[in-house]
Amino acid sequence: MEIWDFLIFIGNISAFVVVLVGAILWFTGVNAAKGKGLVLSGILLAVIVQYFLFYPPVFSL
């Protein structure tokens, strides 16, 4: 389960970075359309990571 915790950590950091970069692009006006897309995809990534945190898959054979 140590690897699973690491993957959840990486997913959370990735979601944060994607939302942050998207917000910077959106609010500075550099590329508002791509920024909105990054913010929405980062939020979706965060929701998916939290889903797997609450309902982890069973790795038994």
# chains A, B, ... in the order shown; residues from 1 in each chain; ligands from 1

call {"tool": "residues_around", "arguments": {"residues": "A:Ile8", "least_positions_apart": "6", "cutoff": "12 Å", "atoms": "only C-alpha atoms", "output": "JSON, numbers by chain"}}
result
{"A": [1, 2, 14, 15, 45, 46, 47, 48, 49, 50, 51, 52, 53, 54, 56]}

call {"tool": "select_by_dssp", "arguments": {"residues": "chain A", "states": "helix (DSSP H, G or I)", "output": "number ranges by chain"}}
result
A: 2-28, 32-54

call {"tool": "write_last_selection", "arguments": {"atoms": "N, CA and C atoms", "output": "compact mmCIF listing (two decimals), in the first residue's frame"}}
result
# COMPACT_ATOMS: atom_id res chain seq x y z
N GLU A 2 2.14 1.10 0.20
CA GLU A 2 3.01 2.26 0.20
C GLU A 2 3.04 2.93 -1.17
N ILE A 3 3.04 2.15 -2.22
CA ILE A 3 3.03 2.69 -3.58
C ILE A 3 1.71 3.41 -3.83
N TRP A 4 0.62 2.86 -3.34
CA TRP A 4 -0.70 3.47 -3.54
C TRP A 4 -0.74 4.86 -2.89
N ASP A 5 -0.20 4.99 -1.69
CA ASP A 5 -0.17 6.29 -1.01
C ASP A 5 0.67 7.29 -1.80
N PHE A 6 1.77 6.83 -2.36
CA PHE A 6 2.62 7.70 -3.17
C PHE A 6 1.87 8.16 -4.42
N LEU A 7 1.14 7.27 -5.07
CA LEU A 7 0.38 7.64 -6.26
C LEU A 7 -0.73 8.64 -5.94
N ILE A 8 -1.38 8.48 -4.80
CA ILE A 8 -2.40 9.44 -4.37
C ILE A 8 -1.75 10.81 -4.12
N PHE A 9 -0.57 10.81 -3.51
CA PHE A 9 0.16 12.05 -3.26
C PHE A 9 0.51 12.74 -4.58
N ILE A 10 1.02 12.01 -5.53
CA ILE A 10 1.37 12.56 -6.84
C ILE A 10 0.12 13.10 -7.54
N GLY A 11 -0.99 12.38 -7.44
CA GLY A 11 -2.24 12.85 -8.04
C GLY A 11 -2.71 14.16 -7.45
N ASN A 12 -2.61 14.29 -6.13
CA ASN A 12 -3.02 15.54 -5.47
C ASN A 12 -2.13 16.70 -5.88
N ILE A 13 -0.83 16.47 -5.92
CA ILE A 13 0.10 17.53 -6.33
C ILE A 13 -0.16 17.92 -7.79
N SER A 14 -0.38 16.93 -8.65
CA SER A 14 -0.64 17.21 -10.07
C SER A 14 -1.91 18.04 -10.24
N ALA A 15 -2.95 17.69 -9.51
CA ALA A 15 -4.20 18.45 -9.61
C ALA A 15 -3.99 19.89 -9.17
N PHE A 16 -3.24 20.09 -8.09
CA PHE A 16 -2.97 21.44 -7.60
C PHE A 16 -2.18 22.26 -8.64
N VAL A 17 -1.16 21.65 -9.23
CA VAL A 17 -0.33 22.36 -10.19
C VAL A 17 -1.14 22.71 -11.45
N VAL A 18 -1.96 21.77 -11.91
CA VAL A 18 -2.77 22.03 -13.11
C VAL A 18 -3.75 23.17 -12.87
N VAL A 19 -4.41 23.17 -11.72
CA VAL A 19 -5.34 24.25 -11.41
C VAL A 19 -4.60 25.57 -11.27
N LEU A 20 -3.45 25.56 -10.63
CA LEU A 20 -2.67 26.78 -10.45
C LEU A 20 -2.22 27.37 -11.79
N VAL A 21 -1.68 26.54 -12.67
CA VAL A 21 -1.23 27.02 -13.98
C VAL A 21 -2.42 27.51 -14.80
N GLY A 22 -3.53 26.77 -14.74
CA GLY A 22 -4.72 27.19 -15.45
C GLY A 22 -5.25 28.53 -14.96
N ALA A 23 -5.23 28.72 -13.65
CA ALA A 23 -5.71 29.99 -13.10
C ALA A 23 -4.81 31.15 -13.51
N ILE A 24 -3.52 30.90 -13.53
CA ILE A 24 -2.59 31.95 -13.96
C ILE A 24 -2.84 32.32 -15.42
N LEU A 25 -3.00 31.31 -16.28
CA LEU A 25 -3.27 31.60 -17.69
C LEU A 25 -4.60 32.31 -17.87
N TRP A 26 -5.60 31.88 -17.12
CA TRP A 26 -6.95 32.43 -17.25
C TRP A 26 -6.99 33.88 -16.78
N PHE A 27 -6.47 34.15 -15.57
CA PHE A 27 -6.64 35.47 -14.98
C PHE A 27 -5.66 36.51 -15.52
N THR A 28 -4.55 36.06 -16.10
CA THR A 28 -3.66 37.03 -16.72
C THR A 28 -4.08 37.36 -18.14
N ALA A 32 -6.96 32.57 -22.14
CA ALA A 32 -8.09 32.35 -21.24
C ALA A 32 -8.80 31.03 -21.53
N ALA A 33 -8.92 30.66 -22.78
CA ALA A 33 -9.63 29.42 -23.11
C ALA A 33 -8.87 28.20 -22.59
N LYS A 34 -7.57 28.17 -22.80
CA LYS A 34 -6.77 27.05 -22.30
C LYS A 34 -6.72 27.07 -20.78
N GLY A 35 -6.69 28.25 -20.18
CA GLY A 35 -6.68 28.35 -18.72
C GLY A 35 -7.94 27.78 -18.10
N LYS A 36 -9.10 28.10 -18.70
CA LYS A 36 -10.36 27.54 -18.19
C LYS A 36 -10.37 26.03 -18.30
N GLY A 37 -9.87 25.53 -19.42
CA GLY A 37 -9.80 24.08 -19.62
C GLY A 37 -8.90 23.41 -18.61
N LEU A 38 -7.76 24.04 -18.31
CA LEU A 38 -6.86 23.47 -17.32
C LEU A 38 -7.46 23.49 -15.92
N VAL A 39 -8.15 24.57 -15.58
CA VAL A 39 -8.79 24.63 -14.26
C VAL A 39 -9.84 23.53 -14.13
N LEU A 40 -10.67 23.38 -15.14
CA LEU A 40 -11.71 22.35 -15.08
C LEU A 40 -11.11 20.94 -15.06
N SER A 41 -10.08 20.70 -15.86
CA SER A 41 -9.47 19.37 -15.86
C SER A 41 -8.73 19.09 -14.55
N GLY A 42 -8.14 20.12 -13.94
CA GLY A 42 -7.50 19.94 -12.64
C GLY A 42 -8.50 19.62 -11.56
N ILE A 43 -9.66 20.26 -11.60
CA ILE A 43 -10.72 19.95 -10.63
C ILE A 43 -11.22 18.53 -10.84
N LEU A 44 -11.38 18.13 -12.09
CA LEU A 44 -11.81 16.76 -12.39
C LEU A 44 -10.77 15.75 -11.90
N LEU A 45 -9.49 16.04 -12.10
CA LEU A 45 -8.43 15.16 -11.61
C LEU A 45 -8.47 15.05 -10.10
N ALA A 46 -8.70 16.15 -9.41
CA ALA A 46 -8.78 16.13 -7.95
C ALA A 46 -9.96 15.29 -7.46
N VAL A 47 -11.09 15.40 -8.16
CA VAL A 47 -12.27 14.60 -7.78
C VAL A 47 -11.99 13.11 -7.99
N ILE A 48 -11.35 12.76 -9.09
CA ILE A 48 -11.04 11.36 -9.37
C ILE A 48 -10.05 10.80 -8.35
N VAL A 49 -9.05 11.59 -7.99
CA VAL A 49 -8.08 11.15 -6.98
C VAL A 49 -8.77 10.94 -5.64
N GLN A 50 -9.66 11.85 -5.27
CA GLN A 50 -10.37 11.69 -4.00
C GLN A 50 -11.30 10.48 -4.02
N TYR A 51 -11.89 10.18 -5.17
CA TYR A 51 -12.73 8.99 -5.29
C TYR A 51 -11.90 7.74 -5.01
N PHE A 52 -10.71 7.67 -5.62
CA PHE A 52 -9.86 6.50 -5.38
C PHE A 52 -9.30 6.48 -3.97
N LEU A 53 -9.23 7.62 -3.32
CA LEU A 53 -8.81 7.65 -1.93
C LEU A 53 -9.89 7.08 -1.02
N PHE A 54 -11.16 7.42 -1.31
CA PHE A 54 -12.27 6.91 -0.50
C PHE A 54 -12.61 5.46 -0.82

call {"tool": "decode", "arguments": {"residues": "chain A", "atoms": "C-alpha atoms", "output": "short mmCIF file (atom, residue, chain, number, x, y, z; two decimals), in the first residue's frame"}}
result
data_model
loop_
_atom_site.label_atom_id
_atom_site.label_comp_id
_atom_site.auth_asym_id
_atom_site.auth_seq_id
_atom_site.Cartn_x
_atom_site.Cartn_y
_atom_site.Cartn_z
CA MET A 1 0.00 0.00 0.00
CA GLU A 2 3.01 2.26 0.20
CA ILE A 3 3.03 2.69 -3.58
CA TRP A 4 -0.70 3.47 -3.54
CA ASP A 5 -0.17 6.29 -1.01
CA PHE A 6 2.62 7.70 -3.17
CA LEU A 7 0.38 7.64 -6.26
CA ILE A 8 -2.40 9.44 -4.37
CA PHE A 9 0.16 12.05 -3.26
CA ILE A 10 1.37 12.56 -6.84
CA GLY A 11 -2.24 12.85 -8.04
CA ASN A 12 -3.02 15.54 -5.47
CA ILE A 13 0.10 17.53 -6.33
CA SER A 14 -0.64 17.21 -10.07
CA ALA A 15 -4.20 18.45 -9.61
CA PHE A 16 -2.97 21.44 -7.60
CA VAL A 17 -0.33 22.36 -10.19
CA VAL A 18 -2.77 22.03 -13.11
CA VAL A 19 -5.34 24.25 -11.41
CA LEU A 20 -2.67 26.78 -10.45
CA VAL A 21 -1.23 27.02 -13.98
CA GLY A 22 -4.72 27.19 -15.45
CA ALA A 23 -5.71 29.99 -13.10
CA ILE A 24 -2.59 31.95 -13.96
CA LEU A 25 -3.27 31.60 -17.69
CA TRP A 26 -6.95 32.43 -17.25
CA PHE A 27 -6.64 35.47 -14.98
CA THR A 28 -3.66 37.03 -16.72
CA GLY A 29 -5.43 36.81 -20.06
CA VAL A 30 -2.52 35.08 -21.79
CA ASN A 31 -4.72 32.23 -22.97
CA ALA A 32 -8.09 32.35 -21.24
CA ALA A 33 -9.63 29.42 -23.11
CA LYS A 34 -6.77 27.05 -22.30
CA GLY A 35 -6.68 28.35 -18.72
CA LYS A 36 -10.36 27.54 -18.19
CA GLY A 37 -9.80 24.08 -19.62
CA LEU A 38 -6.86 23.47 -17.32
CA VAL A 39 -8.79 24.63 -14.26
CA LEU A 40 -11.71 22.35 -15.08
CA SER A 41 -9.47 19.37 -15.86
CA GLY A 42 -7.50 19.94 -12.64
CA ILE A 43 -10.72 19.95 -10.63
CA LEU A 44 -11.81 16.76 -12.39
CA LEU A 45 -8.43 15.16 -11.61
CA ALA A 46 -8.78 16.13 -7.95
CA VAL A 47 -12.27 14.60 -7.78
CA ILE A 48 -11.04 11.36 -9.37
CA VAL A 49 -8.08 11.15 -6.98
CA GLN A 50 -10.37 11.69 -4.00
CA TYR A 51 -12.73 8.99 -5.29
CA PHE A 52 -9.86 6.50 -5.38
CA LEU A 53 -8.81 7.65 -1.93
CA PHE A 54 -12.27 6.91 -0.50
CA TYR A 55 -12.83 3.70 -2.52
CA PRO A 56 -9.43 2.11 -3.18
CA PRO A 57 -9.32 -0.85 -5.53
CA VAL A 58 -8.79 -4.32 -4.09
CA PHE A 59 -5.44 -5.78 -5.17
CA SER A 60 -5.98 -9.37 -4.04
CA LEU A 61 -5.56 -12.29 -6.42
#
